[in-house]
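Raw data-v9.txt, compact mmCIF, C-alpha atoms:
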# COMPACT_ATOMS: atom_id res chain seq x y z
CA MET A 4 1.90 -4.09 -18.32
CA ALA A 5 0.17 -2.13 -15.56
CA LYS A 6 2.23 -1.45 -12.47
CA SER A 7 1.15 -3.49 -9.47
CA THR A 8 -0.21 -1.76 -6.38
CA ILE A 9 1.64 -4.31 -4.27
CA ARG A 10 5.34 -4.17 -3.42
CA ALA A 11 6.47 -7.30 -1.63
CA ARG A 12 9.73 -8.76 -0.36
CA ALA A 13 10.21 -12.32 0.79
CA ARG A 14 13.29 -13.26 2.78
CA LEU A 15 14.24 -16.69 4.06
CA LYS A 16 16.33 -16.94 7.21
CA GLY A 17 16.81 -19.97 9.40
CA GLY A 18 13.82 -21.81 7.98
CA THR A 19 11.42 -18.91 8.38
CA THR A 20 10.25 -16.85 5.44
CA THR A 21 9.31 -13.29 6.29
CA ILE A 22 7.09 -11.39 3.88
CA LYS A 23 6.79 -7.62 3.97
CA ALA A 24 4.29 -6.02 1.65
CA LEU A 25 3.14 -2.49 1.02
CA ILE A 26 -0.05 -1.92 -0.94
CA THR A 27 -1.12 1.35 -2.54
CA HIS A 28 -4.78 1.89 -1.68
CA PRO A 29 -6.83 4.80 -0.27
CA MET A 30 -8.50 2.70 2.46
CA GLU A 31 -11.29 5.27 2.80
CA THR A 32 -13.39 4.75 5.89
CA GLY A 33 -16.50 6.35 4.50
CA GLN A 34 -16.43 8.80 7.40
CA ARG A 35 -14.38 11.54 5.80
CA LYS A 36 -16.05 14.55 4.24
CA ASP A 37 -14.93 16.07 0.99
CA LYS A 38 -13.79 19.54 2.07
CA LYS A 39 -15.16 21.18 -1.07
CA THR A 40 -18.57 19.58 -1.41
CA GLY A 41 -19.16 18.66 2.23
CA LYS A 42 -20.29 15.23 1.08
CA LEU A 43 -19.06 12.01 2.63
CA ILE A 44 -16.35 10.27 0.65
CA PRO A 45 -17.67 6.75 0.15
CA ALA A 46 -15.96 3.85 1.88
CA HIS A 47 -13.34 2.27 -0.34
CA PHE A 48 -11.12 -0.26 1.35
CA ILE A 49 -9.44 -3.61 0.85
CA GLN A 50 -11.53 -6.36 2.41
CA GLU A 51 -9.37 -9.40 1.79
CA VAL A 52 -5.71 -10.08 1.17
CA THR A 53 -4.75 -13.61 0.23
CA CYS A 54 -1.14 -14.64 0.71
CA GLN A 55 -0.22 -17.88 -0.96
CA HIS A 56 2.69 -20.25 -1.37
CA LYS A 57 2.56 -23.35 -3.58
CA GLY A 58 -1.16 -23.00 -4.10
CA LYS A 59 -1.92 -22.92 -0.37
CA THR A 60 -3.17 -19.87 1.47
CA ILE A 61 -0.75 -19.03 4.28
CA VAL A 62 -2.56 -15.96 5.56
CA LEU A 63 -6.01 -14.72 4.67
CA ALA A 64 -6.29 -11.18 5.93
CA GLN A 65 -9.78 -9.78 6.44
CA TRP A 66 -9.62 -6.03 6.72
CA GLY A 67 -11.94 -3.26 7.72
CA PRO A 68 -11.59 0.43 6.84
CA ALA A 69 -9.52 0.92 10.00
CA ILE A 70 -6.41 -0.42 8.33
CA SER A 71 -4.24 2.57 7.43
CA LYS A 72 -4.06 4.07 3.97
CA ASN A 73 -1.44 2.40 1.81
CA PRO A 74 -1.53 -0.66 4.04
CA TYR A 75 1.50 -2.48 5.29
CA LEU A 76 1.44 -6.18 6.03
CA SER A 77 4.08 -8.54 7.31
CA TYR A 78 3.76 -12.21 8.16
CA GLN A 79 6.01 -15.24 8.51
CA PHE A 80 5.79 -18.91 7.66
CA THR A 81 7.86 -22.06 7.48
CA GLY A 82 8.28 -24.76 4.89
CA ALA A 83 9.49 -22.72 1.95
CA ALA A 84 12.76 -22.73 0.07
CA ALA A 85 14.75 -19.96 -1.58
CA GLY A 86 13.51 -19.44 -5.11
CA ASP A 87 9.92 -20.39 -4.25
CA THR A 88 7.22 -18.02 -5.39
CA VAL A 89 4.93 -16.25 -2.97
CA SER A 90 1.84 -14.49 -4.24
CA ILE A 91 -0.28 -11.80 -2.66
CA SER A 92 -3.64 -10.63 -3.96
CA TRP A 93 -6.29 -8.28 -2.66
CA VAL A 94 -9.96 -7.54 -3.27
CA ASP A 95 -11.66 -4.36 -2.12
CA ASN A 96 -15.26 -3.48 -1.33
CA LYS A 97 -15.81 -2.20 -4.84
CA GLY A 98 -14.68 -5.46 -6.40
CA ASN A 99 -11.32 -4.10 -7.54
CA LYS A 100 -8.43 -6.51 -7.27
CA ASP A 101 -4.74 -6.76 -7.81
CA SER A 102 -2.08 -9.34 -7.23
CA THR A 103 1.63 -9.80 -7.40
CA SER A 104 4.15 -12.51 -6.89
CA THR A 105 7.71 -12.46 -5.71
CA LYS A 106 10.49 -14.98 -5.22
CA ILE A 107 11.84 -15.88 -1.84
CA LYS A 108 15.44 -14.79 -1.45
CA MET B 16 -3.79 10.14 -32.67
CA GLN B 17 -6.64 7.86 -33.72
CA ARG B 18 -4.52 4.72 -33.39
CA ARG B 19 -3.36 5.79 -29.95
CA SER B 20 -6.86 6.29 -28.63
CA PHE B 21 -7.97 3.04 -30.32
CA LEU B 22 -5.17 1.16 -28.56
CA LYS B 23 -6.00 2.83 -25.27
CA GLY B 24 -9.60 1.82 -25.69
CA THR B 25 -8.66 -1.77 -26.50
CA LEU B 26 -6.38 -2.04 -23.48
CA ALA B 27 -9.03 -0.63 -21.19
CA GLY B 28 -11.61 -2.94 -22.70
CA SER B 29 -9.49 -6.03 -22.34
CA ALA B 30 -8.45 -5.09 -18.81
CA VAL B 31 -12.10 -4.83 -17.86
CA ALA B 32 -12.83 -8.13 -19.60
CA VAL B 33 -10.05 -9.85 -17.67
CA ALA B 34 -11.25 -8.28 -14.44
CA ILE B 35 -14.78 -9.45 -15.06
CA GLY B 36 -13.57 -12.90 -16.03
CA ALA B 37 -11.51 -13.24 -12.91
CA GLY B 38 -14.07 -11.37 -10.87
CA LEU B 39 -16.80 -13.90 -11.55
CA LEU B 40 -14.73 -16.54 -9.86
CA GLN B 41 -12.93 -14.83 -7.05
CA PRO B 42 -14.64 -11.91 -5.35
CA ARG B 43 -17.97 -13.62 -4.81
CA GLN B 44 -16.37 -16.68 -3.25
CA VAL B 45 -13.91 -14.68 -1.26
CA LEU B 46 -16.12 -11.78 -0.19
CA ALA B 47 -18.86 -14.12 0.99
CA ALA B 48 -16.45 -15.01 3.77
CA TRP B 49 -15.85 -11.40 4.83
CA PRO B 50 -17.32 -11.15 8.34
CA LYS B 51 -19.56 -8.15 7.77
CA SER B 52 -21.32 -8.23 11.13
CA ALA B 53 -17.98 -8.21 12.97
CA PHE B 54 -16.58 -5.34 10.92
CA GLU B 55 -19.74 -3.25 11.21
CA ALA B 56 -20.22 -3.88 14.93
CA LYS B 57 -20.01 -0.75 17.05
CA THR B 58 -18.91 -2.37 20.29
CA VAL B 59 -16.05 -4.69 21.18
CA GLN B 60 -18.57 -7.28 22.44
CA ASP B 61 -20.52 -7.31 19.20
CA ALA B 62 -17.35 -7.37 17.12
CA MET B 63 -16.07 -10.40 19.00
CA SER B 64 -19.41 -12.17 18.95
CA GLY B 65 -19.63 -11.52 15.22
CA LEU B 66 -16.26 -13.04 14.56
CA TYR B 67 -15.73 -15.63 17.28
CA GLY B 68 -19.28 -16.45 18.25
CA SER B 69 -18.69 -15.08 21.73
CA ALA B 70 -17.19 -12.06 23.46
CA GLU B 71 -15.43 -14.33 25.94
CA SER B 72 -11.68 -14.82 25.81
CA THR B 73 -8.92 -15.99 28.12
CA PRO B 74 -6.27 -13.36 28.85
CA SER B 75 -2.91 -14.75 27.81
CA ALA B 76 0.61 -13.65 28.60
CA ASP B 77 1.72 -15.61 25.53
CA ILE B 78 0.47 -12.85 23.25
CA THR B 79 2.70 -9.82 22.74
CA ILE B 80 1.36 -6.60 21.29
CA LYS B 81 4.00 -4.29 19.93
CA ALA B 82 2.54 -0.83 19.40
CA PRO B 83 3.68 2.64 20.39
CA ASP B 84 2.78 3.82 23.89
CA ILE B 85 1.98 7.16 22.26
CA ALA B 86 0.93 7.31 18.62
CA GLU B 87 1.74 10.70 17.14
CA ASN B 88 -0.50 10.10 14.17
CA GLY B 89 -3.68 8.14 14.75
CA ALA B 90 -4.00 7.50 11.03
CA VAL B 91 -0.97 5.23 11.02
CA VAL B 92 -0.40 3.23 14.17
CA PRO B 93 1.98 0.29 13.67
CA VAL B 94 0.76 -2.81 15.47
CA SER B 95 2.59 -6.13 15.58
CA ILE B 96 1.19 -9.16 17.29
CA SER B 97 3.22 -12.20 18.10
CA THR B 98 2.29 -15.24 20.08
CA THR B 99 4.00 -18.36 21.30
CA LEU B 100 0.70 -20.22 21.53
CA SER B 101 0.60 -23.25 19.27
CA ASN B 102 -2.01 -24.24 16.70
CA VAL B 103 -2.90 -20.63 16.00
CA THR B 104 -5.75 -20.41 13.52
CA SER B 105 -6.44 -16.71 13.64
CA ILE B 106 -5.18 -13.39 14.97
CA GLY B 107 -7.52 -10.43 15.31
CA ILE B 108 -6.91 -6.76 16.06
CA ILE B 109 -9.53 -4.66 17.82
CA ALA B 110 -9.24 -0.92 18.52
CA GLU B 111 -11.55 -0.53 21.49
CA LYS B 112 -12.78 3.01 20.95
CA ASN B 113 -12.92 3.14 17.17
CA PRO B 114 -16.43 3.66 15.72
CA THR B 115 -16.19 0.09 14.47
CA PRO B 116 -13.67 -1.61 16.76
CA MET B 117 -12.91 -4.63 14.56
CA SER B 118 -9.85 -3.59 12.59
CA ALA B 119 -8.52 -6.79 11.11
CA ASN B 120 -8.61 -10.54 11.27
CA PHE B 121 -5.93 -12.84 9.94
CA GLU B 122 -6.74 -16.48 9.26
CA MET B 123 -3.48 -18.41 9.66
CA ALA B 124 -2.47 -21.67 8.00
CA PRO B 125 -0.73 -24.31 10.16
CA ASN B 126 2.68 -23.33 8.77
CA ALA B 127 2.14 -19.61 9.32
CA LYS B 128 3.99 -18.34 12.36
CA GLY B 129 2.03 -16.64 15.13
CA TYR B 130 3.01 -13.18 13.94
CA ILE B 131 1.32 -10.38 12.11
CA SER B 132 2.34 -6.79 11.57
CA THR B 133 0.28 -4.01 10.07
CA ARG B 134 -0.76 -0.40 10.60
CA ILE B 135 -4.17 0.69 11.82
CA LYS B 136 -6.15 3.87 12.24
CA MET B 137 -7.12 4.83 15.76
CA GLY B 138 -9.69 7.53 16.42
CA LYS B 139 -8.52 8.25 19.94
CA THR B 140 -6.58 6.88 22.86
CA SER B 141 -7.80 3.40 23.56
CA GLY B 142 -6.79 -0.16 24.14
CA VAL B 143 -5.65 -2.30 21.27
CA ILE B 144 -6.84 -5.85 21.81
CA ALA B 145 -5.20 -8.82 20.15
CA VAL B 146 -7.41 -11.90 19.93
CA VAL B 147 -5.73 -15.18 19.11
CA VAL B 148 -7.65 -18.36 18.41
CA ALA B 149 -5.35 -21.27 19.13
CA GLY B 150 -6.27 -24.90 19.51
CA GLY B 151 -9.93 -23.96 19.26
CA LYS B 152 -9.75 -21.60 22.23
CA THR B 153 -9.93 -17.80 22.20
CA TYR B 154 -7.17 -15.85 23.97
CA SER B 155 -6.55 -12.15 24.19
CA ALA B 156 -4.19 -9.46 25.31
CA ARG B 157 -4.58 -5.71 25.54
CA LYS B 158 -2.30 -2.70 25.27
CA GLU B 159 -3.20 0.92 25.85
CA VAL B 160 -2.15 3.23 23.03
CA LYS B 161 -2.35 6.99 23.51
CA VAL B 162 -3.31 8.89 20.38
CA THR B 163 -2.46 12.57 20.04
CA ILE B 164 -4.16 13.22 16.69
CA GLY B 165 -7.09 10.96 15.88
CA GLY B 166 -6.91 9.04 12.65
CA CYS B 167 -10.43 8.17 11.63
CA GLY B 168 -10.92 11.32 9.60
CA GLY B 169 -13.79 13.80 9.61
Can I see the file as structure tokens?
Amino acid sequence: MAKSTIRARARLKGGTTTIKALITHPMETGQRKDKKTGKLIPAHFIQEVTCQHKGKTIVLAQWGPAISKNPYLSYQFTGAAAGDTVSISWVDNKGNKDSTSTKIK
Amino acid sequence: MQRRSFLKGTLAGSAVAVAIGAGLLQPRQVLAAWPKSAFEAKTVQDAMSGLYGSAESTPSADITIKAPDIAENGAVVPVSISTTLSNVTSIGIIAEKNPTPMSANFEMAPNAKGYISTRIKMGKTSGVIAVVVAGGKTYSARKEVKVTIGGCGG
């Protein structure tokens, strides 16, 4: 199975679930020049990240190229229980996607 | 050797097939919602108009921006936004002097807490503006972040 580009942790404390995720992605702005060829490296960045719990989207992140390379994301929500599954998926401007799921501890 | 490359080819082929299968459903639906005009806008006004329909917002002390006063590396500036406003439907991050100021927008479900943390690129010292839409109204807060080495590349 291919390794996911998303590493996520979900922790429940006092009714609030905190998710911390780190995604491997170049997040190229399209403004950088290749040092060897002098050509612009085309923009390649995640446009949407969908964070779900029990089939509902908790956070829909819409990103531009200004989000740092290997983006970090953290959010919180209520109404979940330990053992529930949280899923995170992303789509980038080239149509690439990846997703992962993790259990709330 | 032949079997190995055959297997590799099959895996690649099926991965692509799965991607296409899934891709037909998701990206089109999802990317249609990506606010292109806001993300390509070159001014804060245009970015806000593109996303919120207007550049107007009410300054709010109920929005806290946690970001370094001085960012050593403009390529990775940690920004956390928290708000005590209720009925938050979205949280946006704008880097005033970036070539395209709109950095991110987060659509929040009713049970999402008013909190978001991420890392952004900043080209130079500028204000980071947090825009929170709560109860149908647009609020904002601003924090100046000094950048020693710009992070937009080039």
When the cut-off is 7 Å and we count all atoms listed in the file, which residues of chain B are near chain A, given as a list in words? Pro42, Trp49, Phe54, Ala90, Val91, Ser118, Ala119, Asn120, Phe121, Glu122, Met123, Ala124, Asn126, Ala127, Lys128, Tyr130, Ile131, Ser132, Thr133, Arg134, Ile135, Lys136, Gly168 and Gly169 of chain B
Work out how far atom CA of B:Gly65 is from atom CA of B:Ala48, in Å to one decimal. 12.4 Å
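Nearest residue to B:Glu55 among B:Pro83, B:Gly142, B:Pro114, B:Gly107 is B:Pro114, counting all atoms listed in the file.
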Can you measure atom CA of B:Thr115 to atom CA of B:Ala62 for me? One decimal in Å is fine. 8.0 Å
Considering only C-alpha atoms, return as an mmCIF file with C-alpha atoms, in the coordinates of the input whatever protein or nucleic-acid residues lie within 9 Å of B:Ala70, sequence-local ones (same chain, fewer than 6 positions apart) excluded.
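Result saved to selection.cif:
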data_model
loop_
_atom_site.group_PDB
_atom_site.id
_atom_site.type_symbol
_atom_site.label_atom_id
_atom_site.label_comp_id
_atom_site.auth_asym_id
_atom_site.auth_seq_id
_atom_site.Cartn_x
_atom_site.Cartn_y
_atom_site.Cartn_z
ATOM 1 C CA VAL B 59 -16.050 -4.690 21.180
ATOM 2 C CA GLN B 60 -18.570 -7.280 22.440
ATOM 3 C CA ASP B 61 -20.520 -7.310 19.200
ATOM 4 C CA ALA B 62 -17.350 -7.370 17.120
ATOM 5 C CA MET B 63 -16.070 -10.400 19.000
ATOM 6 C CA SER B 64 -19.410 -12.170 18.950
#
Of the candidates B:Asn113, B:Thr73, B:Ser155, B:Ser52, which one gets nearest to B:Met137 if we count only C-alpha atoms? B:Asn113
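With distances taken over all atoms listed in the file, B:Val143 is the one residue among B:Pro93, B:Ala76, B:Pro125, B:Val143 lying closest to B:Ile108.
Reported to one decimal place, the separation of atom CA of B:Val160 from atom CA of B:Gly89 is 9.7 Å.
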